[in-house]
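Containing PDB, C-alpha atoms: target.pdb.
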```pdb
ATOM      1  CA  MET A   6       0.000   0.000   0.000
ATOM      2  CA  ARG A   7       2.044   2.967  -1.203
ATOM      3  CA  TRP A   8       0.028   5.596   0.664
ATOM      4  CA  LEU A   9      -0.092   3.865   4.046
ATOM      5  CA  PRO A  10       2.223   6.465   5.675
ATOM      6  CA  VAL A  11      -0.229   9.167   4.617
ATOM      7  CA  MET A  12      -3.088   7.340   6.317
ATOM      8  CA  LEU A  13      -1.110   7.001   9.513
ATOM      9  CA  VAL A  14      -0.485  10.738   9.554
ATOM     10  CA  ALA A  15      -4.188  11.405   9.139
ATOM     11  CA  ALA A  16      -5.871   8.810  11.309
ATOM     12  CA  SER A  17      -8.333  11.423  12.609
ATOM     13  CA  TRP A  18      -9.546  12.411   9.126
ATOM     14  CA  LEU A  19     -12.117   9.656   8.990
ATOM     15  CA  GLY A  20     -14.037   9.517   5.735
ATOM     16  CA  GLY A  21     -13.007  12.914   4.526
ATOM     17  CA  PRO A  22     -10.348  15.326   3.388
ATOM     18  CA  PRO A  23      -6.950  15.002   1.791
ATOM     19  CA  VAL A  24      -3.977  14.742   4.073
ATOM     20  CA  ALA A  25      -2.284  18.015   4.904
ATOM     21  CA  ARG A  26       1.303  16.917   5.372
ATOM     22  CA  ALA A  27       3.230  18.668   8.108
ATOM     23  CA  GLU A  28       5.160  21.568   6.684
ATOM     24  CA  ALA A  29       8.850  20.861   6.320
ATOM     25  CA  PRO A  30      11.184  23.458   7.801
ATOM     26  CA  ALA A  31      12.988  25.901   5.610
ATOM     27  CA  PRO A  32      16.281  24.255   4.628
ATOM     28  CA  GLY A  33      18.976  24.769   7.250
ATOM     29  CA  THR A  34      19.065  26.695  10.495
ATOM     30  CA  SER A  35      21.901  29.085   9.769
ATOM     31  CA  PRO A  36      20.470  32.594   9.292
ATOM     32  CA  SER A  37      23.395  33.824   7.222
ATOM     33  CA  GLY A  38      23.423  30.888   4.812
ATOM     34  CA  ALA A  39      21.500  31.082   1.576
ATOM     35  CA  VAL A  40      18.263  29.104   1.504
ATOM     36  CA  PRO A  41      18.459  27.132  -1.755
ATOM     37  CA  ARG A  42      14.813  27.221  -2.811
ATOM     38  CA  GLY A  43      11.707  29.281  -2.515
ATOM     39  CA  PRO A  44       8.292  28.248  -1.203
ATOM     40  CA  HIS A  45       6.568  25.321  -2.913
ATOM     41  CA  ILE A  46       3.301  23.432  -2.659
ATOM     42  CA  THR A  47       3.016  19.957  -4.129
ATOM     43  CA  VAL A  48       0.117  17.548  -4.566
ATOM     44  CA  SER A  49       0.837  13.836  -4.702
ATOM     45  CA  PRO A  50      -0.835  11.593  -7.293
ATOM     46  CA  LEU A  51      -4.242  10.150  -6.468
ATOM     47  CA  ASP A  52      -3.806   6.461  -5.621
ATOM     48  CA  PHE A  53      -6.642   4.232  -4.446
ATOM     49  CA  GLU A  54      -4.570   1.051  -4.512
ATOM     50  CA  ASP A  55      -5.600  -1.156  -1.558
ATOM     51  CA  GLY A  56      -7.175   1.873   0.074
ATOM     52  CA  LEU A  57     -10.929   1.760  -0.316
ATOM     53  CA  GLY A  58     -12.732   0.194   2.589
ATOM     54  CA  SER A  59     -10.063   1.005   5.142
ATOM     55  CA  ILE A  60     -11.379   2.059   8.547
ATOM     56  CA  ALA A  61      -9.227   5.181   8.263
ATOM     57  CA  MET A  62     -10.287   5.971   4.720
ATOM     58  CA  VAL A  63      -9.219   9.408   3.499
ATOM     59  CA  CYS A  64      -8.779  10.813   0.033
ATOM     60  CA  PRO A  65      -5.532   9.102  -0.896
ATOM     61  CA  PHE A  66      -3.350  12.059  -1.775
ATOM     62  CA  SER A  67      -1.291  14.537   0.213
ATOM     63  CA  VAL A  68      -0.679  18.266   0.062
ATOM     64  CA  GLU A  69       2.851  19.165   1.103
ATOM     65  CA  THR A  70       4.192  22.651   1.763
ATOM     66  CA  LEU A  71       7.913  23.446   1.716
ATOM     67  CA  GLY A  72       9.926  26.571   2.406
ATOM     68  CA  PHE A  73       7.314  28.621   4.246
ATOM     69  CA  PRO A  74       7.308  31.301   5.524
ATOM     70  CA  ALA A  75       8.988  33.216   2.731
ATOM     71  CA  VAL A  76       9.772  36.871   2.115
ATOM     72  CA  SER A  77       9.632  38.976  -1.033
ATOM     73  CA  GLU A  78      12.865  40.369  -2.454
ATOM     74  CA  ASP A  79      11.996  43.892  -1.348
ATOM     75  CA  GLY A  80      11.045  42.767   2.159
ATOM     76  CA  ARG A  81       7.564  44.215   1.917
ATOM     77  CA  GLU A  82       5.624  40.948   2.087
ATOM     78  CA  ILE A  83       5.801  37.627   3.858
ATOM     79  CA  VAL A  84       3.829  34.639   2.625
ATOM     80  CA  SER A  85       2.823  31.776   4.909
ATOM     81  CA  VAL A  86       0.627  28.688   4.977
ATOM     82  CA  ARG A  87      -1.732  27.622   7.719
ATOM     83  CA  THR A  88      -4.452  25.063   8.254
ATOM     84  CA  GLU A  89      -7.538  26.456   9.932
ATOM     85  CA  ARG A  90      -9.340  23.907  12.067
ATOM     86  CA  PRO A  91     -12.647  24.736  13.793
ATOM     87  CA  ALA A  92     -12.981  23.447  17.336
ATOM     88  CA  GLY A  93     -14.107  19.842  17.505
ATOM     89  CA  SER A  94     -13.901  19.254  13.744
ATOM     90  CA  GLU A  95     -11.163  16.588  14.005
ATOM     91  CA  GLY A  96     -10.033  17.526  10.518
ATOM     92  CA  SER A  97     -13.371  17.108   8.768
ATOM     93  CA  GLU A  98     -13.698  20.868   8.191
ATOM     94  CA  ASP A  99     -10.060  21.866   7.775
ATOM     95  CA  VAL A 100      -9.160  24.669   5.386
ATOM     96  CA  MET A 101      -5.578  25.152   4.172
ATOM     97  CA  VAL A 102      -4.818  28.691   3.049
ATOM     98  CA  VAL A 103      -1.864  30.681   1.744
ATOM     99  CA  ARG A 104      -1.685  34.178   3.221
ATOM    100  CA  TRP A 105       0.226  37.270   2.141
ATOM    101  CA  LEU A 106       1.133  39.619   5.006
ATOM    102  CA  ASP A 107       2.296  43.227   4.903
ATOM    103  CA  ALA A 108       5.678  43.135   6.646
ATOM    104  CA  SER A 109       5.250  46.587   8.172
ATOM    105  CA  THR A 110       1.758  46.103   9.626
ATOM    106  CA  GLU A 111       1.339  42.297   9.901
ATOM    107  CA  SER A 112      -2.028  42.722   8.189
ATOM    108  CA  VAL A 113      -3.223  40.025   5.792
ATOM    109  CA  THR A 114      -3.419  41.512   2.316
ATOM    110  CA  ARG A 115      -4.434  38.393   0.387
ATOM    111  CA  THR A 116      -5.687  34.887   1.128
ATOM    112  CA  GLU A 117      -5.882  31.972  -1.301
ATOM    113  CA  VAL A 118      -7.490  28.633  -0.439
ATOM    114  CA  VAL A 119      -5.510  25.456  -1.164
ATOM    115  CA  PHE A 120      -8.285  23.088  -0.108
ATOM    116  CA  GLU A 121     -11.460  22.982   1.931
ATOM    117  CA  ALA A 122     -12.098  19.611   3.522
ATOM    118  CA  THR A 123     -15.550  18.080   3.328
ATOM    119  CA  ALA A 124     -16.799  14.835   4.822
ATOM    120  CA  LEU A 125     -17.591  12.050   2.394
ATOM    121  CA  GLY A 126     -20.591   9.781   2.537
ATOM    122  CA  ALA A 127     -20.421   6.036   1.986
ATOM    123  CA  GLY A 128     -19.770   5.158  -1.645
ATOM    124  CA  GLU A 129     -18.699   8.693  -2.587
ATOM    125  CA  GLU A 130     -14.963   8.180  -2.237
ATOM    126  CA  LEU A 131     -13.950   7.546  -5.837
ATOM    127  CA  GLU A 132     -15.932  10.334  -7.486
ATOM    128  CA  SER A 133     -15.525  12.910  -4.715
ATOM    129  CA  CYS A 134     -11.823  12.315  -4.154
ATOM    130  CA  THR A 135     -11.126  12.435  -7.875
ATOM    131  CA  ARG A 136     -12.932  15.758  -8.150
ATOM    132  CA  LEU A 137     -11.223  17.165  -5.059
ATOM    133  CA  HIS A 138      -7.799  16.091  -6.279
ATOM    134  CA  ARG A 139      -8.412  17.798  -9.624
ATOM    135  CA  GLU A 140      -9.574  21.030  -7.951
ATOM    136  CA  VAL A 141      -6.699  21.140  -5.477
ATOM    137  CA  SER A 142      -4.134  20.439  -8.214
ATOM    138  CA  ALA A 143      -5.472  23.352 -10.271
ATOM    139  CA  ARG A 144      -5.331  25.708  -7.292
ATOM    140  CA  VAL A 145      -1.797  24.668  -6.455
ATOM    141  CA  GLU A 146      -0.661  25.244 -10.042
ATOM    142  CA  LYS A 147      -2.056  28.765  -9.843
ATOM    143  CA  LEU A 148      -0.449  29.401  -6.459
ATOM    144  CA  GLU A 149       2.928  28.119  -7.608
ATOM    145  CA  ALA A 150       2.867  30.636 -10.470
ATOM    146  CA  MET A 151       1.949  33.450  -8.076
ATOM    147  CA  LEU A 152       4.760  32.587  -5.675
ATOM    148  CA  LEU A 153       7.283  32.401  -8.494
ATOM    149  CA  ALA A 154       6.159  35.732  -9.932
ATOM    150  CA  GLY A 155       6.409  37.334  -6.483
ATOM    151  CA  GLY A 156      10.085  36.445  -6.172
ATOM    152  CA  PHE A 157       9.677  34.975  -2.697
ATOM    153  CA  ARG A 158      12.590  33.252  -0.966
ATOM    154  CA  SER A 159      12.315  30.919   1.997
ATOM    155  CA  MET A 160      13.211  32.177   5.449
ATOM    156  CA  ALA A 161      15.632  30.075   7.516
ATOM    157  CA  ARG A 162      14.582  28.547  10.810
ATOM    158  CA  LEU A 163      16.669  30.215  13.511
ATOM    159  CA  ASP A 164      18.289  28.465  16.438
ATOM    160  CA  VAL A 165      16.967  30.783  19.151
ATOM    161  CA  HIS A 166      16.003  30.140  22.751
ATOM    162  CA  LEU A 167      12.269  30.289  23.549
ATOM    163  CA  PRO A 168      11.970  30.748  27.319
ATOM    164  CA  GLU A 169       8.284  29.840  27.314
ATOM    165  CA  LEU A 170       9.077  26.339  26.067
ATOM    166  CA  GLU A 171      12.478  25.846  27.654
ATOM    167  CA  GLU A 172      12.807  26.955  31.239
ATOM    168  CA  GLU A 173      16.449  26.120  31.926
ATOM    169  CA  ASP A 174      18.472  28.942  33.438
ATOM    170  CA  VAL A 175      20.393  30.519  30.566
ATOM    171  CA  LEU A 176      22.278  32.705  33.033
ATOM    172  CA  ALA A 177      24.268  29.613  33.982
ATOM    173  CA  ILE A 178      25.729  29.656  30.449
ATOM    174  CA  PRO A 179      28.866  31.805  29.964
ATOM    175  CA  ALA A 180      27.923  35.151  28.411
ATOM    176  CA  ALA A 181      29.933  34.503  25.219
ATOM    177  CA  ARG A 182      27.933  31.329  24.528
ATOM    178  CA  ARG A 183      24.573  32.551  25.833
ATOM    179  CA  PRO A 184      21.913  32.126  23.112
ATOM    180  CA  VAL A 185      19.762  34.734  21.481
ATOM    181  CA  GLU A 186      16.278  34.383  22.920
ATOM    182  CA  LEU A 187      12.910  35.617  21.761
ATOM    183  CA  LEU A 188       9.968  36.005  24.082
ATOM    184  CA  TRP A 189       6.595  37.668  24.337
ATOM    185  CA  ARG A 190       5.720  39.521  27.528
ATOM    186  CA  ASN A 191       2.845  41.892  28.308
ATOM    187  CA  GLY A 192       2.123  42.914  24.736
ATOM    188  CA  GLU A 193       5.742  43.195  23.608
ATOM    189  CA  VAL A 194       8.101  40.930  21.686
ATOM    190  CA  ILE A 195      11.705  40.990  22.866
ATOM    191  CA  ALA A 196      14.818  39.686  21.115
ATOM    192  CA  ARG A 197      17.916  39.646  23.289
ATOM    193  CA  VAL A 198      20.874  37.876  24.795
ATOM    194  CA  ARG A 199      19.912  37.950  28.423
ATOM    195  CA  ARG A 200      21.926  40.548  30.398
ATOM    196  CA  VAL A 201      24.226  41.029  27.403
ATOM    197  CA  LYS A 202      22.429  42.645  24.455
ATOM    198  CA  LEU A 203      18.944  43.882  23.522
ATOM    199  CA  PHE A 204      18.302  43.598  19.784
ATOM    200  CA  ALA A 205      14.626  44.519  19.537
ATOM    201  CA  ARG A 206      11.669  45.404  21.709
ATOM    202  CA  GLU A 207       8.445  46.077  19.837
ATOM    203  CA  ASP A 208       4.736  46.286  20.521
ATOM    204  CA  ALA A 209       3.160  42.927  19.706
ATOM    205  CA  PRO A 210      -0.595  42.801  20.402
ATOM    206  CA  TRP A 211      -0.798  39.110  19.545
ATOM    207  CA  TYR A 212      -3.718  38.384  21.852
ATOM    208  CA  GLY A 213      -5.965  36.586  19.389
ATOM    209  CA  ASP A 214      -9.723  36.226  19.692
ATOM    210  CA  HIS A 215     -11.664  36.816  22.888
ATOM    211  CA  ALA A 216      -9.047  39.111  24.384
ATOM    212  CA  GLU A 217     -11.913  41.344  25.516
ATOM    213  CA  PRO A 218     -15.045  39.897  27.151
ATOM    214  CA  ASP A 219     -18.194  39.831  25.036
ATOM    215  CA  PRO A 220     -21.183  40.967  27.147
ATOM    216  CA  ASP A 221     -23.371  38.431  25.328
ATOM    217  CA  GLU A 222     -20.923  35.542  25.710
ATOM    218  CA  PRO A 223     -18.586  36.271  28.648
ATOM    219  CA  TRP A 224     -17.690  32.590  28.966
ATOM    220  CA  LEU A 225     -15.691  32.783  25.702
ATOM    221  CA  HIS A 226     -13.185  35.141  27.303
ATOM    222  CA  GLU A 227     -12.946  33.084  30.471
ATOM    223  CA  LEU A 228     -12.604  29.761  28.654
ATOM    224  CA  CYS A 229     -10.920  30.536  25.343
ATOM    225  CA  PHE A 230      -8.673  33.573  25.834
ATOM    226  CA  SER A 231      -4.979  32.739  25.825
ATOM    227  CA  GLU A 232      -1.832  34.781  25.459
ATOM    228  CA  PRO A 233       0.400  33.929  22.478
ATOM    229  CA  HIS A 234       2.740  30.941  22.614
ATOM    230  CA  VAL A 235       5.821  31.355  20.415
ATOM    231  CA  ARG A 236       6.594  28.109  18.608
ATOM    232  CA  GLU A 237       9.313  28.840  16.023
ATOM    233  CA  VAL A 238      11.300  31.765  14.655
ATOM    234  CA  PHE A 239      12.368  32.195  11.029
ATOM    235  CA  GLY A 240      14.649  34.911   9.675
ATOM    236  CA  ASP A 241      15.936  36.612   6.558
ATOM    237  CA  ARG A 242      19.237  38.343   7.052
ATOM    238  CA  SER A 243      19.204  40.531   3.947
ATOM    239  CA  THR A 244      15.932  42.212   4.942
ATOM    240  CA  GLY A 245      16.442  42.034   8.721
ATOM    241  CA  LEU A 246      13.051  40.414   9.247
ATOM    242  CA  LEU A 247      11.934  37.713  11.648
ATOM    243  CA  ALA A 248       8.755  35.728  11.114
ATOM    244  CA  VAL A 249       7.581  34.537  14.519
ATOM    245  CA  ALA A 250       5.233  31.548  14.420
ATOM    246  CA  TYR A 251       2.852  31.555  17.382
ATOM    247  CA  ASP A 252      -0.607  30.489  18.411
ATOM    248  CA  ASN A 253      -3.182  31.369  21.049
ATOM    249  CA  GLU A 254      -4.070  27.792  21.872
ATOM    250  CA  PRO A 255      -6.262  27.698  24.985
ATOM    251  CA  ASP A 256      -6.522  24.814  27.408
ATOM    252  CA  ALA A 257     -10.134  24.098  26.428
ATOM    253  CA  CYS A 258     -10.578  21.790  23.437
ATOM    254  CA  THR A 259     -13.899  23.458  22.550
ATOM    255  CA  CYS A 260     -12.155  26.686  21.536
ATOM    256  CA  THR A 261     -11.005  27.575  18.024
ATOM    257  CA  TYR A 262      -7.478  28.830  17.453
ATOM    258  CA  ASP A 263      -5.174  29.261  14.469
ATOM    259  CA  ASP A 264      -1.452  29.450  13.846
ATOM    260  CA  GLU A 265      -0.291  33.033  13.300
ATOM    261  CA  ILE A 266       2.795  34.897  12.088
ATOM    262  CA  GLY A 267       4.213  37.937  13.842
ATOM    263  CA  ILE A 268       6.826  40.068  12.068
ATOM    264  CA  VAL A 269       9.768  41.755  13.791
ATOM    265  CA  SER A 270      12.577  43.942  12.402
ATOM    266  CA  VAL A 271      16.003  43.256  13.899
ATOM    267  CA  PRO A 272      19.578  44.454  13.308
ATOM    268  CA  ASP A 273      22.194  42.363  11.549
ATOM    269  CA  ALA A 274      23.931  41.911  14.909
ATOM    270  CA  LEU A 275      21.231  39.409  15.912
ATOM    271  CA  PHE A 276      22.070  37.113  12.998
ATOM    272  CA  GLU A 277      25.808  37.515  13.592
ATOM    273  CA  THR A 278      25.342  36.604  17.254
ATOM    274  CA  ILE A 279      23.376  33.461  16.403
ATOM    275  CA  ASP A 280      26.148  32.334  14.057
ATOM    276  CA  ARG A 281      28.896  33.199  16.531
ATOM    277  CA  VAL A 282      27.192  31.357  19.393
ATOM    278  CA  ALA A 283      26.722  28.319  17.159
ATOM    279  CA  ARG A 284      30.445  28.283  16.350
ATOM    280  CA  LEU A 285      31.393  28.632  20.020
ATOM    281  CA  GLU A 286      28.956  25.888  20.996
ATOM    282  CA  GLU A 287      30.499  23.546  18.446
ATOM    283  CA  LEU A 288      34.012  24.292  19.745
ATOM    284  CA  HIS A 289      32.801  23.731  23.307
ATOM    285  CA  ARG A 290      31.254  20.414  22.318
ATOM    286  CA  ILE A 291      34.501  19.280  20.705
ATOM    287  CA  GLU A 292      36.500  20.258  23.768
ATOM    288  CA  VAL A 293      34.128  18.376  26.049
ATOM    289  CA  GLU A 294      34.237  15.238  23.891
ATOM    290  CA  LEU A 295      37.930  15.254  22.868
ATOM    291  CA  GLY A 296      39.585  17.432  25.477
ATOM    292  CA  PRO A 297      41.117  20.919  25.050
ATOM    293  CA  THR A 298      42.208  21.622  21.484
ATOM    294  CA  VAL A 299      44.859  24.115  22.616
ATOM    295  CA  PRO A 300      47.734  22.988  24.923
TER     296      PRO A 300
END
```
Could you show the structure in this file as structure tokens?
Amino acid sequence: MRWLPVMLVAASWLGGPPVARAEAPAPGTSPSGAVPRGPHITVSPLDFEDGLGSIAMVCPFSVETLGFPAVSEDGREIVSVRTERPAGSEGSEDVMVVRWLDASTESVTRTEVVFEATALGAGEELESCTRLHREVSARVEKLEAMLLAGGFRSMARLDVHLPELEEEDVLAIPAARRPVELLWRNGEVIARVRRVKLFAREDAPWYGDHAEPDPDEPWLHELCFSEPHVREVFGDRSTGLLAVAYDNEPDACTCTYDDEIGIVSVPDALFETIDRVARLEELHRIEVELGPTVP
């Protein structure tokens, strides 16, 4: 069964949509190195071999995104992909979209749908999946042309410390090897080496939905409001831009949330520091494993 791995990825998509493959990271983690390719979306062939009748039946094709987020050559736009999932849908109502964001305001200037998932009834798999595959393939062809015409290049995933996810005491690390960290606190995003260097401190009202109580539905604020959680940071050295991937995921599973992108301008010194710390960390690792390299 050639598409068995796809089914395992999408075990919750019972009787419904195509598989949205997890986005691969932008190639490499070095911010100063050139990223070899721009953003791409691919659709696998439709293959029903040995698939119909499976208890985890999904449309047997995948949609894979590579090299997102990406930035335009002039640094004015960032393009990203996200899958919007309503609360409790378990994938049956997922919508994958490509979004263009204004780099100076973070506002969404354009949205294009890659696919909209719909549940399939018994006996509808062959016809419905064939139609959906054809529609998605046509949309992706159009999007690929748009991305190419826009001159977008992939942003590199940066090796930065995220205090919200990693609580170890970075102050125990010697200052020369202390990592660049990015955090969100009280409506601001901060990029720094703790007690060494501040690179950026900007307003970041990334509160998401239900930040303010609704008099008609006050429970939404109490149950669903959550401050942003930074997940990953991508960068483009030539434009000095960071794309900060975050979400406002609440504790309650009945609440809807989406992945978001925040945009931060930083000096070149941030990228240089990340590279320098990486070199020092590698030398430190070698010394620990092999002993001092200098008599």
Met101 (chain A) environment, 10 Å, only C-alpha atoms, sequence neighbours closer than 5 positions dropped, as a PyMOL selection string: chain A and resi 25+68+86-90+117-122
Got a sec: who's within 8 Å of Arg42 (chain A), counting all atoms listed in the file, leaving out chain neighbours fewer than 3 positions off, as a short mmCIF file (atom, residue, chain, number, x, y, z; two decimals) with C-alpha atoms, keeping the file's coordinate frame?
```
data_model
loop_
_atom_site.label_atom_id
_atom_site.label_comp_id
_atom_site.auth_asym_id
_atom_site.auth_seq_id
_atom_site.Cartn_x
_atom_site.Cartn_y
_atom_site.Cartn_z
CA GLY A 72 9.93 26.57 2.41
CA ARG A 158 12.59 33.25 -0.97
CA SER A 159 12.32 30.92 2.00
#
```
Quote the spacing between CA of Asp107 (chain A) and CA of Gly267 (chain A) in Å to one decimal place. 10.6 Å
By how many Å are CA of Glu292 (chain A) and CA of Val238 (chain A) apart?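 Straight-line distance from CA of Glu292 (chain A) to CA of Val238 (chain A) works out to 29.2 Å.
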Applying the PyMOL selection byres ((chain A and resi 149) around 12) to the file I just gave you, which residues come out? Please list them as a list in words.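 Expected selection for the PyMOL selection byres ((chain A and resi 149) around 12) here is Gly43, Pro44, His45, Ile46, Thr47, Val48, Thr70, Leu71, Val103, Glu117, Val119, Ser142, Ala143, Arg144, Val145, Glu146, Lys147, Leu148, Ala150, Met151, Leu152, Leu153, Ala154, Gly155, Gly156 and Phe157 of chain A.
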Show me, as lines of an AutoDock Vina configuration file, the centre and edge lengths in Å to one decimal of the axis-aligned box that covers every listed atom of region 181-191 of chain A with 3 Å on each side.
```
center_x = 16.4
center_y = 36.6
center_z = 24.9
size_x = 33.1
size_y = 16.6
size_z = 12.8
```
Resolved residues for the PyMOL selection byres ((chain A and resi 78-81) around 12) as a ChimeraX atom specification: /A:43,75-77,82-84,105-112,114,152-160,240-248,268-270
Residues selected by the PyMOL selection byres ((chain A and resi 263) around 12), written as a count of residues only: 30
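The residues that lie within 10 Å of the point (15.2, 39.4, 23.8), counting only C-alpha atoms, are Val165, His166, Leu167, Pro168, Pro184, Val185, Glu186, Leu187, Leu188, Trp189, Val194, Ile195, Ala196, Arg197, Val198, Arg199, Arg200, Val201, Lys202, Leu203, Phe204, Ala205, Arg206 and Leu275 of chain A.
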Looking at A:Thr135, A:Arg190, A:Leu176, A:Val249, which one is nearest to Phe53 (chain A), with distances taken over only C-alpha atoms? A:Thr135
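The interatomic distance for the pair CA of Glu207 (chain A) and CA of Ala177 (chain A) works out to 26.9 Å.
Minimum atom-to-atom distances from A:Leu295, A:Leu288, A:Cys64, A:Glu237 to Ala161 (chain A) were compared using all atoms listed in the file, and the lowest value belongs to A:Glu237.
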